[in-house]
>>> print(open('start.pdb').read())   # PDB, C-alpha atoms
ATOM      1  CA  MET A  10      80.237-145.375 -23.499
ATOM      2  CA  ALA A  11      80.460-148.282 -25.928
ATOM      3  CA  GLU A  12      77.095-149.194 -27.414
ATOM      4  CA  THR A  13      78.225-152.536 -28.821
ATOM      5  CA  ALA A  14      77.046-155.489 -26.790
ATOM      6  CA  ALA A  15      78.997-158.545 -28.025
ATOM      7  CA  ASP A  16      75.887-160.719 -28.289
ATOM      8  CA  PRO A  17      73.189-159.266 -30.615
ATOM      9  CA  ARG A  18      70.447-160.912 -28.526
ATOM     10  CA  VAL A  19      71.650-159.035 -25.444
ATOM     11  CA  GLY A  20      71.405-155.830 -27.475
ATOM     12  CA  ALA A  21      67.837-156.560 -28.586
ATOM     13  CA  VAL A  22      66.717-157.302 -25.019
ATOM     14  CA  ALA A  23      68.372-154.128 -23.765
ATOM     15  CA  ARG A  24      66.861-152.001 -26.525
ATOM     16  CA  ARG A  25      63.378-153.287 -25.701
ATOM     17  CA  ARG A  26      63.928-152.753 -21.964
ATOM     18  CA  ILE A  27      65.150-149.186 -22.535
ATOM     19  CA  ARG A  28      62.252-148.370 -24.869
ATOM     20  CA  ASN A  29      59.657-149.697 -22.397
ATOM     21  CA  ARG A  30      61.166-147.934 -19.391
ATOM     22  CA  ALA A  31      61.601-144.669 -21.277
ATOM     23  CA  LEU A  32      57.991-144.806 -22.444
ATOM     24  CA  ALA A  33      56.753-145.462 -18.895
ATOM     25  CA  ILE A  34      58.803-142.509 -17.602
ATOM     26  CA  ALA A  35      57.580-140.251 -20.420
ATOM     27  CA  LEU A  36      53.937-141.191 -19.749
ATOM     28  CA  SER A  37      54.447-140.336 -16.075
ATOM     29  CA  VAL A  38      55.204-136.683 -16.932
ATOM     30  CA  VAL A  39      51.911-136.269 -18.836
ATOM     31  CA  PRO A  40      49.709-135.396 -15.808
ATOM     32  CA  PHE A  41      52.336-132.888 -14.647
ATOM     33  CA  GLY A  42      52.443-131.331 -18.129
ATOM     34  CA  LEU A  43      48.659-131.117 -18.280
ATOM     35  CA  SER A  44      48.503-129.387 -14.884
ATOM     36  CA  PHE A  45      51.327-127.033 -15.798
ATOM     37  CA  GLY A  46      49.617-126.017 -19.052
ATOM     38  CA  ALA A  47      46.265-125.411 -17.383
ATOM     39  CA  VAL A  48      47.716-123.496 -14.411
ATOM     40  CA  SER A  49      49.987-121.395 -16.631
ATOM     41  CA  VAL A  50      47.192-120.014 -18.846
ATOM     42  CA  ALA A  51      44.863-119.604 -15.848
ATOM     43  CA  ALA A  52      47.680-117.615 -14.176
ATOM     44  CA  GLY A  53      47.696-115.192 -17.108
ATOM     45  CA  LEU A  54      50.419-116.451 -19.443
ATOM     46  CA  THR A  55      49.455-116.744 -23.110
ATOM     47  CA  LEU A  56      49.307-120.074 -24.903
ATOM     48  CA  LEU A  57      52.524-119.181 -26.737
ATOM     49  CA  GLN A  58      54.359-118.201 -23.536
ATOM     50  CA  THR A  59      53.221-121.410 -21.856
ATOM     51  CA  CYS A  60      54.424-123.568 -24.741
ATOM     52  CA  MET A  61      57.687-121.607 -25.033
ATOM     53  CA  LEU A  62      58.499-122.490 -21.423
ATOM     54  CA  SER A  63      58.025-126.195 -22.096
ATOM     55  CA  LEU A  64      59.885-126.057 -25.423
ATOM     56  CA  VAL A  65      62.872-123.972 -24.302
ATOM     57  CA  LEU A  66      63.116-123.990 -20.493
ATOM     58  CA  PHE A  67      62.059-127.670 -20.347
ATOM     59  CA  SER A  68      62.294-128.251 -16.603
ATOM     60  CA  GLY A  69      58.981-128.864 -14.852
ATOM     61  CA  ALA A  70      59.761-127.589 -11.367
ATOM     62  CA  SER A  71      61.368-124.369 -12.645
ATOM     63  CA  GLN A  72      58.457-123.721 -15.022
ATOM     64  CA  PHE A  73      55.793-124.323 -12.392
ATOM     65  CA  ALA A  74      57.623-122.220  -9.784
ATOM     66  CA  LEU A  75      58.018-119.320 -12.201
ATOM     67  CA  VAL A  76      54.318-119.365 -13.090
ATOM     68  CA  SER A  77      53.192-119.773  -9.452
ATOM     69  CA  ILE A  78      55.218-116.814  -8.223
ATOM     70  CA  VAL A  79      54.172-114.584 -11.121
ATOM     71  CA  ALA A  80      50.510-115.593 -10.563
ATOM     72  CA  ALA A  81      50.731-114.703  -6.861
ATOM     73  CA  GLY A  82      51.874-111.202  -7.817
ATOM     74  CA  GLY A  83      55.522-111.834  -6.966
ATOM     75  CA  GLY A  84      58.336-109.751  -8.415
ATOM     76  CA  LEU A  85      60.161-110.748 -11.580
ATOM     77  CA  GLY A  86      63.479-111.029  -9.717
ATOM     78  CA  SER A  87      62.230-113.537  -7.133
ATOM     79  CA  ALA A  88      60.401-115.561  -9.774
ATOM     80  CA  LEU A  89      63.513-115.764 -11.959
ATOM     81  CA  ALA A  90      65.890-116.498  -9.081
ATOM     82  CA  THR A  91      63.668-119.319  -7.790
ATOM     83  CA  ALA A  92      63.308-120.856 -11.258
ATOM     84  CA  LEU A  93      67.067-120.653 -11.861
ATOM     85  CA  LEU A  94      68.008-122.120  -8.472
ATOM     86  CA  LEU A  95      65.634-125.015  -9.165
ATOM     87  CA  GLY A  96      67.557-125.457 -12.427
ATOM     88  CA  THR A  97      70.978-125.769 -10.756
ATOM     89  CA  ARG A  98      70.580-129.525 -10.288
ATOM     90  CA  ASN A  99      70.492-129.955 -14.074
ATOM     91  CA  GLY A 100      74.028-128.543 -14.169
ATOM     92  CA  LEU A 101      75.157-131.279 -11.781
ATOM     93  CA  TYR A 102      73.317-133.907 -13.821
ATOM     94  CA  ALA A 103      75.168-132.624 -16.875
ATOM     95  CA  THR A 104      78.543-133.487 -15.308
ATOM     96  CA  ARG A 105      77.372-137.131 -15.014
ATOM     97  CA  VAL A 106      75.847-137.234 -18.508
ATOM     98  CA  ALA A 107      79.020-135.704 -19.963
ATOM     99  CA  GLU A 108      81.012-138.635 -18.513
ATOM    100  CA  LEU A 109      78.529-141.375 -19.462
ATOM    101  CA  VAL A 110      77.205-140.224 -22.844
ATOM    102  CA  ARG A 111      80.122-138.049 -24.041
ATOM    103  CA  PRO A 112      78.152-136.027 -26.602
ATOM    104  CA  ARG A 113      80.358-134.141 -29.083
ATOM    105  CA  GLY A 114      79.844-131.064 -31.265
ATOM    106  CA  TRP A 115      76.234-130.013 -31.913
ATOM    107  CA  ARG A 116      74.986-133.083 -30.046
ATOM    108  CA  ARG A 117      76.392-131.540 -26.894
ATOM    109  CA  ALA A 118      74.118-128.513 -27.206
ATOM    110  CA  VAL A 119      71.093-130.740 -27.778
ATOM    111  CA  ALA A 120      72.111-133.026 -24.899
ATOM    112  CA  ALA A 121      72.382-130.016 -22.577
ATOM    113  CA  GLN A 122      68.831-128.912 -23.453
ATOM    114  CA  VAL A 123      67.401-132.334 -22.541
ATOM    115  CA  THR A 124      69.567-133.018 -19.454
ATOM    116  CA  ILE A 125      66.857-133.383 -16.814
ATOM    117  CA  ASP A 126      65.936-135.719 -13.934
ATOM    118  CA  GLU A 127      64.445-138.437 -16.147
ATOM    119  CA  SER A 128      67.086-138.651 -18.908
ATOM    120  CA  THR A 129      69.943-138.528 -16.385
ATOM    121  CA  ALA A 130      68.407-141.226 -14.180
ATOM    122  CA  MET A 131      68.010-143.551 -17.179
ATOM    123  CA  ALA A 132      71.575-142.904 -18.408
ATOM    124  CA  VAL A 133      72.968-143.672 -14.944
ATOM    125  CA  ALA A 134      70.782-146.788 -14.546
ATOM    126  CA  GLU A 135      71.828-148.244 -17.928
ATOM    127  CA  ALA A 136      75.519-147.284 -17.653
ATOM    128  CA  GLU A 137      76.509-150.598 -16.056
ATOM    129  CA  HIS A 138      75.075-152.459 -19.064
ATOM    130  CA  GLY A 139      76.876-150.159 -21.527
ATOM    131  CA  PHE A 140      73.709-148.535 -22.866
ATOM    132  CA  ALA A 141      73.903-145.097 -21.228
ATOM    133  CA  THR A 142      73.844-143.259 -24.562
ATOM    134  CA  ARG A 143      70.788-145.035 -25.949
ATOM    135  CA  ALA A 144      68.957-144.757 -22.615
ATOM    136  CA  PHE A 145      69.703-141.045 -22.361
ATOM    137  CA  TRP A 146      68.556-140.126 -25.878
ATOM    138  CA  THR A 147      65.498-142.410 -25.954
ATOM    139  CA  THR A 148      64.239-141.063 -22.624
ATOM    140  CA  ALA A 149      65.043-137.475 -23.545
ATOM    141  CA  ALA A 150      63.182-137.683 -26.873
ATOM    142  CA  LEU A 151      60.069-139.336 -25.434
ATOM    143  CA  VAL A 152      59.878-137.078 -22.377
ATOM    144  CA  TYR A 153      60.426-133.971 -24.525
ATOM    145  CA  ALA A 154      57.645-134.977 -26.934
ATOM    146  CA  LEU A 155      55.095-135.921 -24.283
ATOM    147  CA  TRP A 156      55.952-132.993 -21.976
ATOM    148  CA  ASN A 157      55.288-130.515 -24.782
ATOM    149  CA  LEU A 158      52.162-132.242 -26.088
ATOM    150  CA  SER A 159      50.674-132.445 -22.590
ATOM    151  CA  THR A 160      51.555-128.794 -21.903
ATOM    152  CA  LEU A 161      49.727-127.784 -25.088
ATOM    153  CA  ALA A 162      46.717-129.974 -24.235
ATOM    154  CA  GLY A 163      46.578-128.607 -20.664
ATOM    155  CA  ALA A 164      46.901-125.028 -21.887
ATOM    156  CA  LEU A 165      44.108-125.489 -24.452
ATOM    157  CA  ALA A 166      41.878-127.028 -21.775
ATOM    158  CA  GLY A 167      42.827-124.345 -19.225
ATOM    159  CA  ARG A 168      41.781-121.494 -21.545
ATOM    160  CA  GLY A 169      38.128-122.435 -21.167
ATOM    161  CA  LEU A 170      38.288-122.636 -17.385
ATOM    162  CA  GLY A 171      37.579-119.792 -14.994
ATOM    163  CA  SER A 172      39.779-118.177 -12.335
ATOM    164  CA  LEU A 173      42.450-120.093 -10.454
ATOM    165  CA  SER A 174      40.507-120.270  -7.198
ATOM    166  CA  ALA A 175      37.053-121.102  -8.640
ATOM    167  CA  THR A 176      38.487-124.088 -10.536
ATOM    168  CA  GLY A 177      40.652-125.230  -7.642
ATOM    169  CA  LEU A 178      43.680-124.871  -9.936
ATOM    170  CA  ASP A 179      45.352-122.790  -7.228
ATOM    171  CA  ALA A 180      45.790-126.095  -5.365
ATOM    172  CA  ALA A 181      47.324-127.848  -8.404
ATOM    173  CA  GLY A 182      50.845-126.453  -7.895
ATOM    174  CA  PRO A 183      51.165-127.347  -4.187
ATOM    175  CA  ALA A 184      49.617-130.789  -4.833
ATOM    176  CA  ALA A 185      51.956-131.489  -7.756
ATOM    177  CA  PHE A 186      55.020-130.303  -5.834
ATOM    178  CA  PHE A 187      54.154-132.392  -2.795
ATOM    179  CA  ALA A 188      53.732-135.506  -4.954
ATOM    180  CA  LEU A 189      57.038-134.666  -6.652
ATOM    181  CA  ILE A 190      59.134-134.229  -3.493
ATOM    182  CA  SER A 191      57.432-136.882  -1.338
ATOM    183  CA  PRO A 192      60.000-139.643  -2.120
ATOM    184  CA  ARG A 193      62.820-137.311  -1.030
ATOM    185  CA  LEU A 194      61.016-136.388   2.178
ATOM    186  CA  ARG A 195      61.723-139.944   3.386
ATOM    187  CA  VAL A 196      65.406-138.958   3.658
ATOM    188  CA  ARG A 197      65.880-137.350   7.073
ATOM    189  CA  HIS A 198      68.077-134.370   6.175
ATOM    190  CA  LEU A 199      65.946-133.528   3.123
ATOM    191  CA  ARG A 200      62.773-133.684   5.215
ATOM    192  CA  LEU A 201      64.429-131.293   7.697
ATOM    193  CA  ALA A 202      65.366-128.976   4.825
ATOM    194  CA  GLY A 203      61.752-128.997   3.623
ATOM    195  CA  VAL A 204      60.205-128.289   7.022
ATOM    196  CA  LEU A 205      62.744-125.568   7.773
ATOM    197  CA  ALA A 206      62.230-123.925   4.375
ATOM    198  CA  ALA A 207      58.434-123.957   4.655
ATOM    199  CA  THR A 208      58.545-122.532   8.194
ATOM    200  CA  LEU A 209      61.015-119.774   7.291
ATOM    201  CA  ALA A 210      59.063-118.859   4.155
ATOM    202  CA  ILE A 211      55.774-118.565   6.059
ATOM    203  CA  ALA A 212      57.476-116.462   8.737
ATOM    204  CA  CYS A 213      58.785-114.126   5.996
ATOM    205  CA  VAL A 214      55.407-113.636   4.240
ATOM    206  CA  PRO A 215      54.326-110.556   6.283
ATOM    207  CA  LEU A 216      57.843-109.068   6.170
ATOM    208  CA  LEU A 217      59.337-109.491   2.679
ATOM    209  CA  PRO A 218      58.076-108.455  -0.779
ATOM    210  CA  VAL A 219      55.651-110.953  -2.393
ATOM    211  CA  GLY A 220      57.590-113.765  -4.089
ATOM    212  CA  SER A 221      60.787-113.463  -2.061
ATOM    213  CA  PRO A 222      59.760-115.559   0.986
ATOM    214  CA  VAL A 223      60.044-118.696  -1.188
ATOM    215  CA  LEU A 224      63.541-117.720  -2.247
ATOM    216  CA  ALA A 225      64.633-116.687   1.264
ATOM    217  CA  GLY A 226      63.200-119.763   2.992
ATOM    218  CA  GLY A 227      64.472-122.184   0.338
ATOM    219  CA  VAL A 228      68.011-120.835   0.104
ATOM    220  CA  VAL A 229      68.561-120.357   3.845
ATOM    221  CA  ALA A 230      67.221-123.854   4.611
ATOM    222  CA  ALA A 231      69.315-125.518   1.880
ATOM    223  CA  LEU A 232      72.481-123.750   3.081
ATOM    224  CA  ALA A 233      71.731-124.515   6.737
ATOM    225  CA  ILE A 234      71.210-128.230   6.057
ATOM    226  CA  ALA A 235      74.316-128.394   3.838
ATOM    227  CA  VAL A 236      76.450-126.747   6.538
ATOM    228  CA  ALA A 237      74.971-128.908   9.324
ATOM    229  CA  ARG A 238      75.906-132.086   7.391
ATOM    230  CA  ARG A 239      79.600-131.218   7.053
TER     231      ARG A 239
ATOM    232  CA  MET B  27      58.250-106.687 -24.276
ATOM    233  CA  ASN B  28      56.063-107.192 -21.220
ATOM    234  CA  THR B  29      57.119-108.666 -17.891
ATOM    235  CA  LEU B  30      55.818-112.134 -18.675
ATOM    236  CA  TRP B  31      57.884-112.358 -21.842
ATOM    237  CA  VAL B  32      60.973-111.185 -19.920
ATOM    238  CA  ALA B  33      60.285-113.941 -17.373
ATOM    239  CA  VAL B  34      59.859-116.581 -20.098
ATOM    240  CA  VAL B  35      62.957-115.591 -22.087
ATOM    241  CA  VAL B  36      65.359-114.923 -19.192
ATOM    242  CA  SER B  37      64.392-118.072 -17.260
ATOM    243  CA  SER B  38      64.713-120.187 -20.418
ATOM    244  CA  LEU B  39      68.150-118.796 -21.274
ATOM    245  CA  GLY B  40      69.315-119.007 -17.658
ATOM    246  CA  CYS B  41      68.236-122.617 -17.214
ATOM    247  CA  ALA B  42      69.841-123.532 -20.556
ATOM    248  CA  ALA B  43      73.087-121.923 -19.354
ATOM    249  CA  LEU B  44      72.945-123.983 -16.139
ATOM    250  CA  LYS B  45      72.539-127.197 -18.150
ATOM    251  CA  VAL B  46      75.427-126.235 -20.471
ATOM    252  CA  SER B  47      77.623-125.370 -17.470
ATOM    253  CA  GLY B  48      77.758-129.036 -16.490
ATOM    254  CA  TYR B  49      79.300-129.874 -19.882
ATOM    255  CA  VAL B  50      81.858-127.064 -19.991
ATOM    256  CA  VAL B  51      82.888-126.394 -16.378
ATOM    257  CA  PRO B  52      85.431-129.006 -15.161
ATOM    258  CA  ALA B  53      83.517-131.773 -13.338
ATOM    259  CA  ARG B  54      85.776-131.394 -10.288
ATOM    260  CA  ALA B  55      84.490-127.866  -9.670
ATOM    261  CA  LEU B  56      80.842-128.959  -9.606
ATOM    262  CA  GLN B  57      81.292-132.343  -7.959
ATOM    263  CA  ARG B  58      82.779-130.894  -4.771
ATOM    264  CA  GLY B  59      81.021-132.044  -1.608
ATOM    265  CA  ALA B  60      79.760-128.628  -0.511
ATOM    266  CA  VAL B  61      78.298-127.813  -3.938
ATOM    267  CA  GLN B  62      76.610-131.211  -4.146
ATOM    268  CA  ARG B  63      75.094-130.955  -0.667
ATOM    269  CA  ILE B  64      73.639-127.526  -1.413
ATOM    270  CA  VAL B  65      72.332-128.501  -4.861
ATOM    271  CA  GLU B  66      70.810-131.693  -3.441
ATOM    272  CA  ALA B  67      68.896-129.791  -0.759
ATOM    273  CA  LEU B  68      67.830-126.838  -2.947
ATOM    274  CA  PRO B  69      64.922-128.400  -4.894
ATOM    275  CA  VAL B  70      63.279-129.912  -1.800
ATOM    276  CA  ALA B  71      63.791-126.702   0.191
ATOM    277  CA  LEU B  72      62.567-124.336  -2.550
ATOM    278  CA  LEU B  73      59.567-126.494  -3.451
ATOM    279  CA  SER B  74      58.603-126.914   0.226
ATOM    280  CA  ALA B  75      58.745-123.145   0.667
ATOM    281  CA  LEU B  76      56.700-122.722  -2.517
ATOM    282  CA  ILE B  77      54.083-125.249  -1.321
ATOM    283  CA  ALA B  78      53.734-123.404   1.999
ATOM    284  CA  VAL B  79      53.528-119.923   0.489
ATOM    285  CA  SER B  80      51.246-120.890  -2.436
ATOM    286  CA  THR B  81      48.904-122.545   0.028
ATOM    287  CA  PHE B  82      48.805-120.154   2.976
ATOM    288  CA  ALA B  83      49.742-116.687   1.679
ATOM    289  CA  SER B  84      47.614-114.062  -0.059
ATOM    290  CA  GLY B  85      49.921-111.133  -0.658
ATOM    291  CA  HIS B  86      51.331-110.322   2.780
ATOM    292  CA  HIS B  87      48.535-112.059   4.670
ATOM    293  CA  LEU B  88      48.386-115.630   5.888
ATOM    294  CA  ALA B  89      45.150-117.590   5.688
ATOM    295  CA  ALA B  90      43.972-121.185   5.646
ATOM    296  CA  ASP B  91      41.370-121.228   2.857
ATOM    297  CA  SER B  92      40.241-123.569   0.056
ATOM    298  CA  ARG B  93      43.871-124.090  -1.032
ATOM    299  CA  ALA B  94      44.695-125.610   2.371
ATOM    300  CA  VAL B  95      41.817-128.067   1.898
ATOM    301  CA  GLY B  96      43.329-128.969  -1.501
ATOM    302  CA  LEU B  97      46.796-129.525  -0.035
ATOM    303  CA  GLY B  98      45.362-131.635   2.790
ATOM    304  CA  VAL B  99      43.651-133.881   0.252
ATOM    305  CA  ALA B 100      46.864-134.047  -1.816
ATOM    306  CA  ILE B 101      48.937-135.123   1.207
ATOM    307  CA  ALA B 102      46.348-137.776   2.115
ATOM    308  CA  LEU B 103      46.323-139.108  -1.468
ATOM    309  CA  VAL B 104      50.140-139.232  -1.622
ATOM    310  CA  LEU B 105      50.210-141.160   1.675
ATOM    311  CA  LEU B 106      47.654-143.554   0.135
ATOM    312  CA  ARG B 107      50.065-143.958  -2.817
ATOM    313  CA  ALA B 108      47.565-142.594  -5.332
ATOM    314  CA  PRO B 109      48.913-141.900  -8.852
ATOM    315  CA  PHE B 110      50.082-138.373  -9.652
ATOM    316  CA  LEU B 111      47.036-137.465 -11.767
ATOM    317  CA  LEU B 112      44.652-138.465  -8.995
ATOM    318  CA  VAL B 113      46.640-136.444  -6.428
ATOM    319  CA  VAL B 114      46.424-133.258  -8.509
ATOM    320  CA  ALA B 115      42.829-133.803  -9.689
ATOM    321  CA  GLY B 116      41.659-134.665  -6.155
ATOM    322  CA  ALA B 117      43.354-131.575  -4.713
ATOM    323  CA  CYS B 118      41.810-129.314  -7.381
ATOM    324  CA  ALA B 119      38.341-130.818  -6.911
ATOM    325  CA  ALA B 120      38.543-130.430  -3.124
ATOM    326  CA  ALA B 121      39.807-126.840  -3.411
ATOM    327  CA  ALA B 122      37.107-125.935  -5.955
ATOM    328  CA  GLY B 123      34.449-127.475  -3.685
ATOM    329  CA  ALA B 124      35.727-125.635  -0.633
ATOM    330  CA  HIS B 125      35.855-122.384  -2.633
ATOM    331  CA  ALA B 126      32.243-122.847  -3.795
ATOM    332  CA  LEU B 127      31.212-123.371  -0.155
ATOM    333  CA  HIS B 128      33.130-120.154   0.784
ATOM    334  CA  LEU B 129      35.445-121.975   3.161
TER     335      LEU B 129
END
>>> encode(input="start.pdb", output="structure tokens")
Amino acid sequence: MAETAADPRVGAVARRRIRNRALAIALSVVPFGLSFGAVSVAAGLTLLQTCMLSLVLFSGASQFALVSIVAAGGGLGSALATALLLGTRNGLYATRVAELVRPRGWRRAVAAQVTIDESTAMAVAEAEHGFATRAFWTTAALVYALWNLSTLAGALAGRGLGSLSATGLDAAGPAAFFALISPRLRVRHLRLAGVLAATLAIACVPLLPVGSPVLAGGVVAALAIAVARR
Amino acid sequence: MNTLWVAVVVSSLGCAALKVSGYVVPARALQRGAVQRIVEALPVALLSALIAVSTFASGHHLAADSRAVGLGVAIALVLLRAPFLLVVAGACAAAAGAHALHL
């Protein structure tokens, strides 16, 4: 996508707009990063493991799901499968970013690492003005920095706290997830998917190994809703 | 290497591979309607299931305990359009309070 706006004043206005929006988006991930860091160390991961997830996995929902399932005593397979399935949307985002930003060579590998909800949304929003590339990289850099700093801060704070249930941190994951998905629950078919998944998962709790009800409920509900919408 | 490190390394590599796939697999293959509908519904479905199980399950048993109080407060705060930090902090405070009262 061409970065050259004909009028330099238009470029300056756009650069300021992108910087401000990217900063606002990056600040909005800070509370989530703090909660993830605190919950992760309280769940038994080390400080290094917690920070590695934010540095390398870099996808909030997948990280939180992995830690929640491991903390509940779930099997490694269910924890990994849930985290990976939550990561599939980033692959779809990547197809859009590849078209809009067209990263080449080593930049492609870096772009892939930071292709997440926030950077993709900004690239798509600024594409019509011709600033997809700048929007993508500015948002990615700021979100990456603040996500990792807030994870570290949360993990350092969480080390001094007690058990998950005494601190109420066992409610942090569900609260964070509900806040995260609440805008999508306004869409009828997504709300149905959510209710169906939660119901199926609860029904599976006494029957399936710990950790797998989330996977079973989530996958069956997503497939059922996708098929029903054909 | 212990289980937690396996979880950290494998999930990180797997999620990186998923991100890379969007750049190397032809867009047509991933932008098909069926794939998009499933991938759109997956996060909401998986996270809803995770909310339900993290709140109401202890191993193989179901119970409404301090975590349910926390989730109730979180839902109320989201409906009141409270900022994210307040939603999480309020839920944790309510759950910690309910736990201390042995609810």
>>> closest_residue(input="start.pdb", among="B:Ser37, B:Gly116, B:Asn28, B:Arg54", to="chain A", atoms="all atoms listed in the file")
B:Ser37
>>> residues_around(input="start.pdb", residues="A:Gly227", least_positions_apart="6", cutoff="12 Å", atoms="only C-alpha atoms", output="ChimeraX atom specification")
/A:87,90-92,94-95,199,201-211,213,220-221,233-234 /B:64-65,67-79
>>> write_last_selection(input="start.pdb", atoms="C-alpha atoms", output="CSV table (one decimal), in the coordinates of the input")
chain,number,residue,atom,x,y,z
A,87,SER,CA,62.2,-113.5,-7.1
A,90,ALA,CA,65.9,-116.5,-9.1
A,91,THR,CA,63.7,-119.3,-7.8
A,92,ALA,CA,63.3,-120.9,-11.3
A,94,LEU,CA,68.0,-122.1,-8.5
A,95,LEU,CA,65.6,-125.0,-9.2
A,199,LEU,CA,65.9,-133.5,3.1
A,201,LEU,CA,64.4,-131.3,7.7
A,202,ALA,CA,65.4,-129.0,4.8
A,203,GLY,CA,61.8,-129.0,3.6
A,204,VAL,CA,60.2,-128.3,7.0
A,205,LEU,CA,62.7,-125.6,7.8
A,206,ALA,CA,62.2,-123.9,4.4
A,207,ALA,CA,58.4,-124.0,4.7
A,208,THR,CA,58.5,-122.5,8.2
A,209,LEU,CA,61.0,-119.8,7.3
A,210,ALA,CA,59.1,-118.9,4.2
A,211,ILE,CA,55.8,-118.6,6.1
A,213,CYS,CA,58.8,-114.1,6.0
A,220,GLY,CA,57.6,-113.8,-4.1
A,221,SER,CA,60.8,-113.5,-2.1
A,233,ALA,CA,71.7,-124.5,6.7
A,234,ILE,CA,71.2,-128.2,6.1
B,64,ILE,CA,73.6,-127.5,-1.4
B,65,VAL,CA,72.3,-128.5,-4.9
B,67,ALA,CA,68.9,-129.8,-0.8
B,68,LEU,CA,67.8,-126.8,-2.9
B,69,PRO,CA,64.9,-128.4,-4.9
B,70,VAL,CA,63.3,-129.9,-1.8
B,71,ALA,CA,63.8,-126.7,0.2
B,72,LEU,CA,62.6,-124.3,-2.6
B,73,LEU,CA,59.6,-126.5,-3.5
B,74,SER,CA,58.6,-126.9,0.2
B,75,ALA,CA,58.7,-123.1,0.7
B,76,LEU,CA,56.7,-122.7,-2.5
B,77,ILE,CA,54.1,-125.2,-1.3
B,78,ALA,CA,53.7,-123.4,2.0
B,79,VAL,CA,53.5,-119.9,0.5
>>> atom_distance(input="start.pdb", atom1="atom CA of A:Val214", atom2="atom CA of A:Ala81")
12.1 Å
>>> closest_atom_pairs(input="start.pdb", of="chain B", to="chain A", cutoff="7 Å", atoms="only C-alpha atoms", output="Markdown table")
| residue | atom | partner | partner_atom | distance |
| --- | --- | --- | --- | --- |
| B:Leu30 | CA | A:Leu54 | CA | 7.0 |
| B:Ala33 | CA | A:Leu89 | CA | 6.6 |
| B:Val34 | CA | A:Leu62 | CA | 6.2 |
| B:Ser37 | CA | A:Leu89 | CA | 5.8 |
| B:Ser38 | CA | A:Leu66 | CA | 4.1 |
| B:Gly40 | CA | A:Leu93 | CA | 6.4 |
| B:Cys41 | CA | A:Gly96 | CA | 5.6 |
| B:Ala42 | CA | A:Gln122 | CA | 6.2 |
| B:Leu44 | CA | A:Gly100 | CA | 5.1 |
| B:Lys45 | CA | A:Gly100 | CA | 4.5 |
| B:Val46 | CA | A:Ala121 | CA | 5.3 |
| B:Ser47 | CA | A:Gly100 | CA | 5.8 |
| B:Gly48 | CA | A:Gly100 | CA | 4.4 |
| B:Tyr49 | CA | A:Ala103 | CA | 5.8 |
| B:Ala53 | CA | A:Thr104 | CA | 5.6 |
| B:Leu56 | CA | A:Leu101 | CA | 6.5 |
| B:Ala60 | CA | A:Ala235 | CA | 7.0 |
| B:Arg63 | CA | A:Ala235 | CA | 5.2 |
| B:Ile64 | CA | A:Ala235 | CA | 5.4 |
| B:Val65 | CA | A:Arg98 | CA | 5.8 |
| B:Ala67 | CA | A:Ala231 | CA | 5.0 |
| B:Leu68 | CA | A:Ala231 | CA | 5.2 |
| B:Pro69 | CA | A:Leu95 | CA | 5.5 |
| B:Val70 | CA | A:Gly203 | CA | 5.7 |
| B:Ala71 | CA | A:Gly227 | CA | 4.6 |
| B:Leu72 | CA | A:Gly227 | CA | 4.1 |
| B:Leu73 | CA | A:Phe186 | CA | 6.4 |
| B:Ser74 | CA | A:Gly203 | CA | 5.1 |
| B:Ala75 | CA | A:Ala207 | CA | 4.1 |
| B:Leu76 | CA | A:Val223 | CA | 5.4 |
| B:Ile77 | CA | A:Pro183 | CA | 4.6 |
| B:Ala78 | CA | A:Ala207 | CA | 5.4 |
| B:Val79 | CA | A:Ile211 | CA | 6.2 |
| B:Ser80 | CA | A:Pro183 | CA | 6.7 |
| B:Thr81 | CA | A:Pro183 | CA | 6.8 |
| B:Ala83 | CA | A:Val214 | CA | 6.9 |
| B:Gly85 | CA | A:Val219 | CA | 6.0 |
| B:His86 | CA | A:Pro215 | CA | 4.6 |
| B:His87 | CA | A:Pro215 | CA | 6.2 |
| B:Arg93 | CA | A:Ala180 | CA | 5.1 |
| B:Gly96 | CA | A:Ala180 | CA | 5.4 |
| B:Leu97 | CA | A:Ala184 | CA | 5.7 |
| B:Ala100 | CA | A:Ala184 | CA | 5.2 |
| B:Val104 | CA | A:Ala188 | CA | 6.2 |
| B:Phe110 | CA | A:Ala188 | CA | 6.6 |
| B:Leu111 | CA | A:Pro40 | CA | 5.3 |
| B:Val113 | CA | A:Ala184 | CA | 6.6 |
| B:Val114 | CA | A:Ala184 | CA | 5.5 |
| B:Ala117 | CA | A:Ala180 | CA | 6.0 |
| B:Cys118 | CA | A:Gly177 | CA | 4.3 |
| B:Ala119 | CA | A:Gly177 | CA | 6.1 |
| B:Ala121 | CA | A:Gly177 | CA | 4.6 |
| B:Ala122 | CA | A:Gly177 | CA | 4.0 |
| B:His125 | CA | A:Ala175 | CA | 6.3 |
>>> atom_distance(input="start.pdb", atom1="atom CA of B:Val50", atom2="atom CA of B:Val35")
22.2 Å
>>> residues_around(input="start.pdb", residues="stretch 156-162 of chain A", least_positions_apart="2", cutoff="6 Å", atoms="only C-alpha atoms", output="PyMOL selection string")
chain A and resi 39+42-43+46+63+152-154+164-165
>>> resolve_selection(input="start.pdb", expression="the PyMOL selection byres ((chain A and resi 136) around 12)", output="number ranges by chain")
A: 10-12, 23, 27, 105-106, 108-110, 129-135, 137-145
>>> atom_distance(input="start.pdb", atom1="atom CA of A:Arg197", atom2="atom CA of B:Leu112")
26.6 Å
>>> residues_around(input="start.pdb", residues="A:Leu151", least_positions_apart="6", cutoff="9 Å", atoms="all atoms listed in the file", output="MDAnalysis selection string")
chainID A and resid 31:32 34:36
